[in-house]
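Presented below is the structure to which this report refers.
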Amino acid sequence: MKTILEMISEHLSRAFEEAGYDGKYGRASVSNRPDLCEYQCNGAMAAAKEYKKAPIMIAQDVAAALKDDEAFLDVSAAPPGFLNLKVSIPFLTGYLDKMAGEDKFGLSVKEEPDKVVIDYGGPNVAKPLHVGHLRSAIIGESVKRILRYMGDEVTGDIHLGDWGLQMGLIMTELRHRQPDLPYFDDSYTGEYPAEPPFTLSDLEEIYPAASAKSKEDEAYKDEAMNDTFLLQQGNRGRNALWKHIMNVSLPDLKKNYDKLNVSFDLWKGEADARPFIDDLVSMMKDKGFAHESQGALVVDVKEESDTKEMPPCMILKSDGAALYTTTDLATIVDRRDHIGPNRLVYVADKRQEMHFMQVFRCAKKTGVIGDDVRLDFLGFGTMNGADGKPFKTREGGVMRLETLLGDINEEMYKKIKDNHEVEEEEGRATAAVVALAAVKYGDLSNQATKDYVFDIDKFTSFEGNTGPYILYTIVRIKSILSKYTEAGGSLEGLSFNAETGDTEKALMLELVRFNQVIEAAYEELAPHKICAYIYDVANAFNRFYHETRILNEEDKARKEGFLKLLMLTKDLLEESIDILGFSAPDKM
Ligand code: ARG
């Protein structure tokens with residue numbers, strides 16, 4: 001179904017034509033003077049040049065042609081040539097009725113859906129999840145849902161960092177502690193134990209200990225690099241240990257992502273790219289794309305139009321080891337051959353922009369992926385603490401995701417308990433739902449590329465531009481609706497009011513933007529646009545609510561009109577937060 005702006009533009013075009021002008025000038029936009037009108041058209045100004053006529057005269061002609069158009073309540077021409085428009089209630093409620101009756105509230109989904117792989121999350125196995133990975137998970141999950149909502153066929157891949165130095169560090173530390181483990185005995189040919197030689201909490205302690213040692217002790221670090229090298233070369237014992245590390249870590253990672261309401265279709269990682277590396281490197285050599293530079297193998301990716309420096313894309317280090325770029329290129333091969341996408345979207349820290357530019361250019365230049373495949377990097381900014389510096393614990397350490405979420409849950413629980421009496425268990429469950437909304441909305445409401453301040457007090461507030469405020473609004477509507485049905489009222493077959501108050505109409509004018517907002521969020525991969533929309537809707541609803549006696553309204557039809565509007569408001573808000581990746585409780 002057309003957007004409301006497209007519908008209004010159609011009326012305008014017809015009027016331009018009727019008045020003797022080209023219909024292309026009849027384009028509507030949302031008013032930037034809401035005190036004067038709801039929509040506006042600036043076409044008369046543009047038409048003035050073609051028709052060599054004063055814009056105000058053209059605007060007056062068009063206004064005259066619109067006089068009897070039932071879509072408008074008021075049309076006026078304002079100097080120098082604006083058309084100021086107010087829509088009629090039947091036009092507006094006609095649109096809302098259609099929205100309420102259509103799938104996805106009248107969003108026109110893609111006629112030719114794309115096949116997309118979205119790469120997000122990207123945690124590093126065996127390293128604790130920290131807040132840096134929070135953004136990728138939250139933004140990626142929402143972008144995945146936006147793409148799907150528009151009809152694309154989307155595969156979400158977590159792309160684990162499971163092949164790096166952290167694995168070697170763990171192995172080195174383990175050898176120091178338990179030198180007799182068979183994994184380190186190269187002459188051992190028997191089967192390795194099925195039980196891992198460590199628990200999750202061992203691992204959580206081993207990695208930071210090893211990482212700290214390697215920073216002080218060169219020899220220790222060399223050992224860890226050697227273990228990493230052996231792992232990557234296929235050493236039997238190291239690979240068996242690697243499997244243990246994965247088996248112990250992954251369930252915990254899954255549990256953490258579940259709590260975030262973030263899920264992946266594929267749990268692949270850098271290690272899965274291994275089988276594709278050799279052929280990829282040979283191809284790049286054979287076809288003359290790769291050349292040696294200071295012992296390393298590189299592909300030039302500089303382009304003439306570059307204004308910034310663009311170093312070559314490194315494929316192999318001088319010791320023959322593959323790099324981050326190599327695994328990403330090999331992963332593209334894997335995705336190309338096994339999924340066949342025509343679009344790849346990567347959600348990672350914006351400081352990785354250069355890396356992705358190199359990978360993208362190299363992939364296209366060497367024909368790893370066709371020119372018809374769209375490659376997008378969605379780089380996000382840093383999450384800062386109240387001091388404007390990257391978010392840390394009170395002690396100055398890296399904040400673990402679990403700790404952070406735990407703190408917010410606790411804060412939310414206190415607020416909910418203050419709000420109304422609640423059983424501990426129920427209160428905790430509600431707190432978890434609201435806390436997740438607080439964190440996700442706090443993140444998503446900012447443009448992804450920007451750094452933002454993670455402010456627990458602000459994010460958990462029930463007022464202002466926050467997740468809890470949005471949920472509070474939904475809960476408020478739910479409670480009005482259930483009061484009505486509990487008193488025997490039915491929500492079936494209601495109609496919007498044919499006459500409305502100002503705040504009622506203002507709410508309607510916000511609601512009709514839904515399809516347009518989703519389209520824009522899709523085009524720009526911008527969940528913040530959906531946040532801005534639901535914030536506007538929530539504000540418009542609360543203004544209406546504070547001025548209106550809804551359930552106490554004596555006129556039955558009018559009351560039903562209010563309830564109909566409430567239902568649609570609730571449905572649109574709930575649909576929107578689902579696309580953002582969180583949900584609302586029944587009470588809070
Ligand atoms: N593991 C990486 C990190 O922690 C992020 C992975 C991003 N995705 C990718 N295909 N490179 O920085």
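Scheme for the structure tokens: letters A, B, ... for chains in order shown; per-chain residue numbers from 1; ligand numbers from 1 in order shown.
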Skipping near chain neighbours, those fewer than 4 positions away, what residues fall within 8 Å of Val512 in chain A using only C-alpha atoms, listed as a short mmCIF file (atom, residue, chain, number, x, y, z; two decimals) with C-alpha atoms, in the first residue's frame?
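What landed in result28.cif:
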data_model
loop_
_atom_site.label_atom_id
_atom_site.label_comp_id
_atom_site.auth_asym_id
_atom_site.auth_seq_id
_atom_site.Cartn_x
_atom_site.Cartn_y
_atom_site.Cartn_z
CA THR A 3 2.59 5.73 1.93
CA ILE A 4 0.43 8.59 3.11
CA TYR A 95 -5.86 5.20 5.67
CA LEU A 96 -5.68 3.88 9.23
CA MET A 99 -3.36 -0.17 7.67
CA MET A 508 -3.29 9.48 13.94
#
(request) Would you list the residues that come within 7 Å of ligand 1? Count only C-alpha atoms and all ligand atoms and give the answer as number ranges by chain. (result) A: 119-120, 122-124, 133, 159-161, 328, 346-348
Could the residues in this selection be saved with all heavy atoms as an mmCIF file, in the first residue's frame?
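See selection-v6.cif below for the written result:
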data_model
loop_
_atom_site.group_PDB
_atom_site.id
_atom_site.type_symbol
_atom_site.label_atom_id
_atom_site.label_comp_id
_atom_site.auth_asym_id
_atom_site.auth_seq_id
_atom_site.Cartn_x
_atom_site.Cartn_y
_atom_site.Cartn_z
ATOM 1 N N ASP A 119 26.539 -10.512 9.038
ATOM 2 C CA ASP A 119 27.628 -10.994 9.889
ATOM 3 C C ASP A 119 27.670 -10.054 11.084
ATOM 4 O O ASP A 119 27.962 -8.871 10.954
ATOM 5 C CB ASP A 119 28.893 -10.921 9.020
ATOM 6 C CG ASP A 119 30.188 -11.299 9.714
ATOM 7 O OD1 ASP A 119 30.396 -10.866 10.864
ATOM 8 O OD2 ASP A 119 31.008 -11.988 9.079
ATOM 9 N N TYR A 120 27.295 -10.551 12.246
ATOM 10 C CA TYR A 120 27.255 -9.684 13.424
ATOM 11 C C TYR A 120 27.516 -10.486 14.683
ATOM 12 O O TYR A 120 27.560 -11.719 14.638
ATOM 13 C CB TYR A 120 25.921 -8.935 13.511
ATOM 14 C CG TYR A 120 24.707 -9.796 13.782
ATOM 15 C CD1 TYR A 120 24.060 -9.747 15.013
ATOM 16 C CD2 TYR A 120 24.199 -10.642 12.807
ATOM 17 C CE1 TYR A 120 22.936 -10.530 15.268
ATOM 18 C CE2 TYR A 120 23.082 -11.422 13.052
ATOM 19 C CZ TYR A 120 22.453 -11.365 14.284
ATOM 20 O OH TYR A 120 21.345 -12.139 14.536
ATOM 21 N N GLY A 122 30.103 -11.484 16.379
ATOM 22 C CA GLY A 122 31.558 -11.607 16.295
ATOM 23 C C GLY A 122 32.299 -11.712 17.613
ATOM 24 O O GLY A 122 33.360 -11.101 17.768
ATOM 25 N N PRO A 123 31.793 -12.473 18.592
ATOM 26 C CA PRO A 123 32.528 -12.577 19.851
ATOM 27 C C PRO A 123 33.786 -13.416 19.652
ATOM 28 O O PRO A 123 33.871 -14.188 18.701
ATOM 29 C CB PRO A 123 31.549 -13.320 20.764
ATOM 30 C CG PRO A 123 30.781 -14.199 19.836
ATOM 31 C CD PRO A 123 30.622 -13.386 18.568
ATOM 32 N N ASN A 124 34.737 -13.238 20.537
ATOM 33 C CA ASN A 124 35.944 -14.041 20.470
ATOM 34 C C ASN A 124 35.853 -15.141 21.510
ATOM 35 O O ASN A 124 35.718 -14.872 22.701
ATOM 36 C CB ASN A 124 37.155 -13.151 20.690
ATOM 37 C CG ASN A 124 37.234 -12.084 19.609
ATOM 38 O OD1 ASN A 124 37.028 -12.370 18.436
ATOM 39 N ND2 ASN A 124 37.474 -10.847 20.010
ATOM 40 N N HIS A 133 31.103 -5.976 22.347
ATOM 41 C CA HIS A 133 30.355 -6.928 21.528
ATOM 42 C C HIS A 133 28.849 -6.741 21.659
ATOM 43 O O HIS A 133 28.078 -7.284 20.891
ATOM 44 C CB HIS A 133 30.744 -8.360 21.906
ATOM 45 C CG HIS A 133 32.141 -8.687 21.496
ATOM 46 N ND1 HIS A 133 33.155 -8.870 22.403
ATOM 47 C CD2 HIS A 133 32.704 -8.801 20.271
ATOM 48 C CE1 HIS A 133 34.286 -9.112 21.747
ATOM 49 N NE2 HIS A 133 34.040 -9.076 20.465
ATOM 50 N N HIS A 159 29.876 -15.390 13.101
ATOM 51 C CA HIS A 159 31.293 -15.273 12.756
ATOM 52 C C HIS A 159 32.201 -15.151 13.991
ATOM 53 O O HIS A 159 32.807 -14.108 14.271
ATOM 54 C CB HIS A 159 31.547 -14.099 11.802
ATOM 55 C CG HIS A 159 32.859 -14.229 11.087
ATOM 56 N ND1 HIS A 159 33.077 -15.144 10.093
ATOM 57 C CD2 HIS A 159 34.047 -13.604 11.259
ATOM 58 C CE1 HIS A 159 34.314 -15.063 9.668
ATOM 59 N NE2 HIS A 159 34.936 -14.135 10.369
ATOM 60 N N LEU A 160 32.286 -16.261 14.692
ATOM 61 C CA LEU A 160 33.103 -16.328 15.909
ATOM 62 C C LEU A 160 34.572 -16.029 15.635
ATOM 63 O O LEU A 160 35.112 -16.454 14.613
ATOM 64 C CB LEU A 160 33.020 -17.748 16.489
ATOM 65 C CG LEU A 160 31.660 -18.264 16.907
ATOM 66 C CD1 LEU A 160 31.709 -19.783 17.078
ATOM 67 C CD2 LEU A 160 31.235 -17.600 18.209
ATOM 68 N N GLY A 161 35.182 -15.338 16.572
ATOM 69 C CA GLY A 161 36.640 -15.213 16.542
ATOM 70 C C GLY A 161 37.183 -16.422 17.283
ATOM 71 O O GLY A 161 37.323 -16.410 18.495
ATOM 72 N N ASP A 328 38.515 -13.518 6.422
ATOM 73 C CA ASP A 328 37.295 -12.861 5.940
ATOM 74 C C ASP A 328 37.077 -13.115 4.451
ATOM 75 O O ASP A 328 35.944 -13.318 4.007
ATOM 76 C CB ASP A 328 37.328 -11.354 6.254
ATOM 77 C CG ASP A 328 36.525 -11.047 7.516
ATOM 78 O OD1 ASP A 328 35.498 -11.725 7.730
ATOM 79 O OD2 ASP A 328 36.903 -10.154 8.289
ATOM 80 N N TYR A 346 28.046 -6.449 7.096
ATOM 81 C CA TYR A 346 28.902 -6.695 8.251
ATOM 82 C C TYR A 346 28.651 -5.626 9.298
ATOM 83 O O TYR A 346 28.677 -4.437 8.984
ATOM 84 C CB TYR A 346 30.383 -6.633 7.862
ATOM 85 C CG TYR A 346 30.817 -7.718 6.900
ATOM 86 C CD1 TYR A 346 30.587 -7.596 5.533
ATOM 87 C CD2 TYR A 346 31.461 -8.857 7.367
ATOM 88 C CE1 TYR A 346 30.987 -8.592 4.660
ATOM 89 C CE2 TYR A 346 31.870 -9.858 6.493
ATOM 90 C CZ TYR A 346 31.635 -9.721 5.139
ATOM 91 O OH TYR A 346 32.024 -10.701 4.280
ATOM 92 N N VAL A 347 28.407 -6.043 10.520
ATOM 93 C CA VAL A 347 28.200 -5.085 11.607
ATOM 94 C C VAL A 347 29.369 -5.219 12.579
ATOM 95 O O VAL A 347 29.481 -6.214 13.286
ATOM 96 C CB VAL A 347 26.872 -5.358 12.342
ATOM 97 C CG1 VAL A 347 26.609 -4.273 13.376
ATOM 98 C CG2 VAL A 347 25.714 -5.453 11.362
ATOM 99 N N ALA A 348 30.244 -4.238 12.581
ATOM 100 C CA ALA A 348 31.416 -4.299 13.466
ATOM 101 C C ALA A 348 31.836 -2.876 13.844
ATOM 102 O O ALA A 348 31.349 -1.896 13.278
ATOM 103 C CB ALA A 348 32.559 -5.031 12.780
#
(request) Find the residue from A:Tyr522, A:Tyr257, A:Tyr207, A:Tyr533 that sits nearest to Gly581 in chain A; use only C-alpha atoms when measuring. (result)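 Counting only C-alpha atoms, the residue closest to Gly581 in chain A is A:Tyr257.
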(request) Name the residues in contact with Met283 in chain A at a cut-off of 10 Å, using only C-alpha atoms, excluding same-chain residues fewer than 5 positions from it; report them as an MDAnalysis selection string. (result) chainID A and resid 277:278 288:290 366:368
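Computed from the coordinates, the CA of Asp152 in chain A to CA of His338 in chain A distance equals 17.5 Å.
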(message) Could you check the closest approach to Leu36 in chain A for each of A:Ala321, A:Leu83, A:Leu66, A:Leu563 and tell me which residue wins, using only C-alpha atoms?
(response) A:Leu83
(request) Have a look at A:Gly295, A:Gly381, A:Gly151, A:Gly489 and name the one nearest to Leu444 in chain A; count only C-alpha atoms. (result)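 Smallest distance to Leu444 in chain A is found for A:Gly381.
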(request) For range 50-52 of chain A, work out the shell of residues within 10 Å, counting only C-alpha atoms and skipping chain neighbours fewer than 5 positions away, then give it as a ChimeraX atom specification. (result) /A:21-22,44-45,58
(request) Name the residues of range 73-130 of chain A that come out as strand (DSSP E or B) in a backbone DSSP run; write them as a list in words. (result) Leu73, Asp74, Val75, Ser76, Ala77, Ala78, Phe82, Leu83, Asn84, Leu85, Lys86, Val87, Lys115, Val116, Val117, Ile118, Asp119, Asn124 and His130 of chain A
Write to file, as a compact mmCIF listing (two decimals), in the first residue's frame, the residues of the selection just made, with C-alpha atoms.
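Saved to out_20.txt:
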# COMPACT_ATOMS: atom_id res chain seq x y z
CA LEU A 73 -9.83 19.84 5.45
CA ASP A 74 -7.90 22.93 4.55
CA VAL A 75 -5.64 24.02 1.71
CA SER A 76 -4.06 27.45 1.54
CA ALA A 77 -1.43 29.16 -0.54
CA ALA A 78 1.18 31.02 1.47
CA PHE A 82 3.84 27.17 -0.40
CA LEU A 83 0.77 25.02 -0.32
CA ASN A 84 -0.19 24.38 3.29
CA LEU A 85 -2.32 21.32 3.78
CA LYS A 86 -4.48 19.82 6.48
CA VAL A 87 -5.96 16.42 5.77
CA LYS A 115 19.42 -12.99 -0.40
CA VAL A 116 21.46 -11.50 2.41
CA VAL A 117 24.07 -12.77 4.83
CA ILE A 118 24.46 -10.55 7.84
CA ASP A 119 27.63 -10.99 9.89
CA ASN A 124 35.94 -14.04 20.47
CA HIS A 130 32.41 -7.42 26.89
Residue neighbourhood Met7 in chain A, 12 Å, only C-alpha atoms, exclusion window fewer than 6 positions, as a PDB file with all heavy atoms, in the first residue's frame:
ATOM      1  N   MET A   1       0.848  -1.198   0.000  1.00  0.00           N
ATOM      2  CA  MET A   1       0.000   0.000   0.000  1.00  0.00           C
ATOM      3  C   MET A   1       0.884   1.248   0.000  1.00  0.00           C
ATOM      4  O   MET A   1       1.986   1.243   0.534  1.00  0.00           O
ATOM      5  CB  MET A   1      -0.906  -0.141   1.232  1.00  0.00           C
ATOM      6  CG  MET A   1      -1.127   0.994   2.143  1.00  0.00           C
ATOM      7  SD  MET A   1      -2.200   0.432   3.538  1.00  0.00           S
ATOM      8  CE  MET A   1      -2.760   2.012   4.122  1.00  0.00           C
ATOM      9  N   SER A  13      -0.896  16.063  -7.488  1.00  0.00           N
ATOM     10  CA  SER A  13      -0.571  15.969  -8.908  1.00  0.00           C
ATOM     11  C   SER A  13      -1.800  16.220  -9.766  1.00  0.00           C
ATOM     12  O   SER A  13      -1.749  16.960 -10.751  1.00  0.00           O
ATOM     13  CB  SER A  13      -0.054  14.567  -9.236  1.00  0.00           C
ATOM     14  OG  SER A  13       1.251  14.458  -8.827  1.00  0.00           O
ATOM     15  N   ARG A  14      -2.887  15.586  -9.366  1.00  0.00           N
ATOM     16  CA  ARG A  14      -4.129  15.768 -10.127  1.00  0.00           C
ATOM     17  C   ARG A  14      -4.527  17.242 -10.139  1.00  0.00           C
ATOM     18  O   ARG A  14      -4.894  17.788 -11.170  1.00  0.00           O
ATOM     19  CB  ARG A  14      -5.251  14.923  -9.523  1.00  0.00           C
ATOM     20  CG  ARG A  14      -5.549  13.695 -10.355  1.00  0.00           C
ATOM     21  CD  ARG A  14      -6.680  12.881  -9.766  1.00  0.00           C
ATOM     22  NE  ARG A  14      -6.182  11.895  -8.816  1.00  0.00           N
ATOM     23  CZ  ARG A  14      -6.728  11.645  -7.631  1.00  0.00           C
ATOM     24  NH1 ARG A  14      -7.803  12.312  -7.227  1.00  0.00           N
ATOM     25  NH2 ARG A  14      -6.204  10.735  -6.848  1.00  0.00           N
ATOM     26  N   GLY A  26       3.494  18.083  -8.060  1.00  0.00           N
ATOM     27  CA  GLY A  26       2.636  17.811  -6.910  1.00  0.00           C
ATOM     28  C   GLY A  26       3.233  16.788  -5.963  1.00  0.00           C
ATOM     29  O   GLY A  26       2.804  15.632  -5.944  1.00  0.00           O
ATOM     30  N   ARG A  27       4.233  17.206  -5.195  1.00  0.00           N
ATOM     31  CA  ARG A  27       4.847  16.284  -4.235  1.00  0.00           C
ATOM     32  C   ARG A  27       4.667  16.820  -2.818  1.00  0.00           C
ATOM     33  O   ARG A  27       4.986  17.969  -2.535  1.00  0.00           O
ATOM     34  CB  ARG A  27       6.340  16.107  -4.516  1.00  0.00           C
ATOM     35  CG  ARG A  27       6.616  15.598  -5.911  1.00  0.00           C
ATOM     36  CD  ARG A  27       8.067  15.144  -6.058  1.00  0.00           C
ATOM     37  NE  ARG A  27       8.152  13.689  -6.157  1.00  0.00           N
ATOM     38  CZ  ARG A  27       8.529  12.887  -5.188  1.00  0.00           C
ATOM     39  NH1 ARG A  27       8.883  13.396  -4.013  1.00  0.00           N
ATOM     40  NH2 ARG A  27       8.581  11.590  -5.353  1.00  0.00           N
ATOM     41  N   ALA A  28       4.172  15.938  -1.968  1.00  0.00           N
ATOM     42  CA  ALA A  28       3.915  16.370  -0.589  1.00  0.00           C
ATOM     43  C   ALA A  28       5.075  16.008   0.324  1.00  0.00           C
ATOM     44  O   ALA A  28       5.788  15.046   0.090  1.00  0.00           O
ATOM     45  CB  ALA A  28       2.655  15.688  -0.074  1.00  0.00           C
ATOM     46  N   SER A  29       5.269  16.807   1.352  1.00  0.00           N
ATOM     47  CA  SER A  29       6.199  16.436   2.416  1.00  0.00           C
ATOM     48  C   SER A  29       5.543  16.782   3.748  1.00  0.00           C
ATOM     49  O   SER A  29       4.555  17.512   3.786  1.00  0.00           O
ATOM     50  CB  SER A  29       7.531  17.169   2.252  1.00  0.00           C
ATOM     51  OG  SER A  29       7.315  18.557   2.197  1.00  0.00           O
ATOM     52  N   TYR A  39       0.855  18.935   6.297  1.00  0.00           N
ATOM     53  CA  TYR A  39       1.701  18.580   5.160  1.00  0.00           C
ATOM     54  C   TYR A  39       1.888  19.832   4.326  1.00  0.00           C
ATOM     55  O   TYR A  39       1.136  20.797   4.456  1.00  0.00           O
ATOM     56  CB  TYR A  39       1.057  17.477   4.325  1.00  0.00           C
ATOM     57  CG  TYR A  39       0.842  16.192   5.102  1.00  0.00           C
ATOM     58  CD1 TYR A  39      -0.380  15.919   5.722  1.00  0.00           C
ATOM     59  CD2 TYR A  39       1.874  15.268   5.242  1.00  0.00           C
ATOM     60  CE1 TYR A  39      -0.573  14.755   6.456  1.00  0.00           C
ATOM     61  CE2 TYR A  39       1.695  14.102   5.979  1.00  0.00           C
ATOM     62  CZ  TYR A  39       0.470  13.850   6.587  1.00  0.00           C
ATOM     63  OH  TYR A  39       0.293  12.710   7.314  1.00  0.00           O
ATOM     64  N   ALA A  71     -10.085  14.840   0.436  1.00  0.00           N
ATOM     65  CA  ALA A  71      -8.934  14.409   1.243  1.00  0.00           C
ATOM     66  C   ALA A  71      -8.463  15.521   2.187  1.00  0.00           C
ATOM     67  O   ALA A  71      -7.740  15.254   3.140  1.00  0.00           O
ATOM     68  CB  ALA A  71      -7.785  13.987   0.332  1.00  0.00           C
ATOM     69  N   PHE A  72      -8.862  16.751   1.870  1.00  0.00           N
ATOM     70  CA  PHE A  72      -8.327  17.864   2.659  1.00  0.00           C
ATOM     71  C   PHE A  72      -9.393  18.617   3.440  1.00  0.00           C
ATOM     72  O   PHE A  72     -10.494  18.851   2.963  1.00  0.00           O
ATOM     73  CB  PHE A  72      -7.569  18.840   1.749  1.00  0.00           C
ATOM     74  CG  PHE A  72      -6.440  18.175   1.018  1.00  0.00           C
ATOM     75  CD1 PHE A  72      -6.567  17.845  -0.326  1.00  0.00           C
ATOM     76  CD2 PHE A  72      -5.259  17.856   1.679  1.00  0.00           C
ATOM     77  CE1 PHE A  72      -5.532  17.207  -1.003  1.00  0.00           C
ATOM     78  CE2 PHE A  72      -4.213  17.214   1.013  1.00  0.00           C
ATOM     79  CZ  PHE A  72      -4.365  16.889  -0.335  1.00  0.00           C
ATOM     80  N   VAL A  87      -5.155  17.507   6.337  1.00  0.00           N
ATOM     81  CA  VAL A  87      -5.960  16.421   5.771  1.00  0.00           C
ATOM     82  C   VAL A  87      -7.272  16.272   6.526  1.00  0.00           C
ATOM     83  O   VAL A  87      -7.396  16.662   7.693  1.00  0.00           O
ATOM     84  CB  VAL A  87      -5.205  15.076   5.768  1.00  0.00           C
ATOM     85  CG1 VAL A  87      -4.088  15.087   4.740  1.00  0.00           C
ATOM     86  CG2 VAL A  87      -4.686  14.724   7.145  1.00  0.00           C
ATOM     87  N   PHE A  91     -10.247  10.960   5.374  1.00  0.00           N
ATOM     88  CA  PHE A  91      -9.072  10.541   4.607  1.00  0.00           C
ATOM     89  C   PHE A  91      -8.086   9.814   5.521  1.00  0.00           C
ATOM     90  O   PHE A  91      -7.561   8.739   5.207  1.00  0.00           O
ATOM     91  CB  PHE A  91      -8.419  11.779   3.975  1.00  0.00           C
ATOM     92  CG  PHE A  91      -7.121  11.493   3.256  1.00  0.00           C
ATOM     93  CD1 PHE A  91      -7.106  10.863   2.018  1.00  0.00           C
ATOM     94  CD2 PHE A  91      -5.900  11.859   3.828  1.00  0.00           C
ATOM     95  CE1 PHE A  91      -5.902  10.607   1.356  1.00  0.00           C
ATOM     96  CE2 PHE A  91      -4.706  11.602   3.176  1.00  0.00           C
ATOM     97  CZ  PHE A  91      -4.709  10.972   1.936  1.00  0.00           C
ATOM     98  N   LEU A  92      -7.857  10.406   6.684  1.00  0.00           N
ATOM     99  CA  LEU A  92      -6.900   9.864   7.640  1.00  0.00           C
ATOM    100  C   LEU A  92      -7.378   8.514   8.201  1.00  0.00           C
ATOM    101  O   LEU A  92      -6.624   7.540   8.246  1.00  0.00           O
ATOM    102  CB  LEU A  92      -6.738  10.880   8.771  1.00  0.00           C
ATOM    103  CG  LEU A  92      -5.490  10.838   9.626  1.00  0.00           C
ATOM    104  CD1 LEU A  92      -4.232  10.845   8.779  1.00  0.00           C
ATOM    105  CD2 LEU A  92      -5.490  12.047  10.573  1.00  0.00           C
ATOM    106  N   GLY A  94      -9.553   6.571   6.892  1.00  0.00           N
ATOM    107  CA  GLY A  94      -9.603   5.605   5.790  1.00  0.00           C
ATOM    108  C   GLY A  94      -8.244   4.935   5.658  1.00  0.00           C
ATOM    109  O   GLY A  94      -8.145   3.707   5.480  1.00  0.00           O
ATOM    110  N   TYR A  95      -7.217   5.735   5.780  1.00  0.00           N
ATOM    111  CA  TYR A  95      -5.856   5.199   5.667  1.00  0.00           C
ATOM    112  C   TYR A  95      -5.552   4.261   6.838  1.00  0.00           C
ATOM    113  O   TYR A  95      -5.022   3.167   6.666  1.00  0.00           O
ATOM    114  CB  TYR A  95      -4.843   6.353   5.617  1.00  0.00           C
ATOM    115  CG  TYR A  95      -3.469   5.906   5.179  1.00  0.00           C
ATOM    116  CD1 TYR A  95      -3.147   5.794   3.820  1.00  0.00           C
ATOM    117  CD2 TYR A  95      -2.492   5.568   6.113  1.00  0.00           C
ATOM    118  CE1 TYR A  95      -1.895   5.362   3.405  1.00  0.00           C
ATOM    119  CE2 TYR A  95      -1.236   5.137   5.711  1.00  0.00           C
ATOM    120  CZ  TYR A  95      -0.947   5.029   4.349  1.00  0.00           C
ATOM    121  OH  TYR A  95       0.295   4.599   3.949  1.00  0.00           O
ATOM    122  N   VAL A 512       0.280   6.972  10.913  1.00  0.00           N
ATOM    123  CA  VAL A 512       0.285   6.688   9.470  1.00  0.00           C
ATOM    124  C   VAL A 512       1.688   6.651   8.866  1.00  0.00           C
ATOM    125  O   VAL A 512       1.863   6.205   7.745  1.00  0.00           O
ATOM    126  CB  VAL A 512      -0.567   7.701   8.659  1.00  0.00           C
ATOM    127  CG1 VAL A 512      -2.029   7.545   9.016  1.00  0.00           C
ATOM    128  CG2 VAL A 512      -0.095   9.141   8.879  1.00  0.00           C
ATOM    129  N   GLN A 516       6.419   4.226   5.836  1.00  0.00           N
ATOM    130  CA  GLN A 516       7.470   5.111   5.353  1.00  0.00           C
ATOM    131  C   GLN A 516       8.730   4.999   6.222  1.00  0.00           C
ATOM    132  O   GLN A 516       9.852   4.969   5.721  1.00  0.00           O
ATOM    133  CB  GLN A 516       6.897   6.515   5.496  1.00  0.00           C
ATOM    134  CG  GLN A 516       7.450   7.587   4.687  1.00  0.00           C
ATOM    135  CD  GLN A 516       6.604   8.826   5.012  1.00  0.00           C
ATOM    136  OE1 GLN A 516       5.384   8.809   4.847  1.00  0.00           O
ATOM    137  NE2 GLN A 516       7.250   9.859   5.503  1.00  0.00           N
TER     138      GLN A 516
END
(message) Let's see if you can do this: from backbone DSSP, list all alpha helix (DSSP H) residues in range 14-160 of chain A, as an MDAnalysis selection string.
(response) chainID A and resid 14:18 43:51 55:65 89:101 131:149
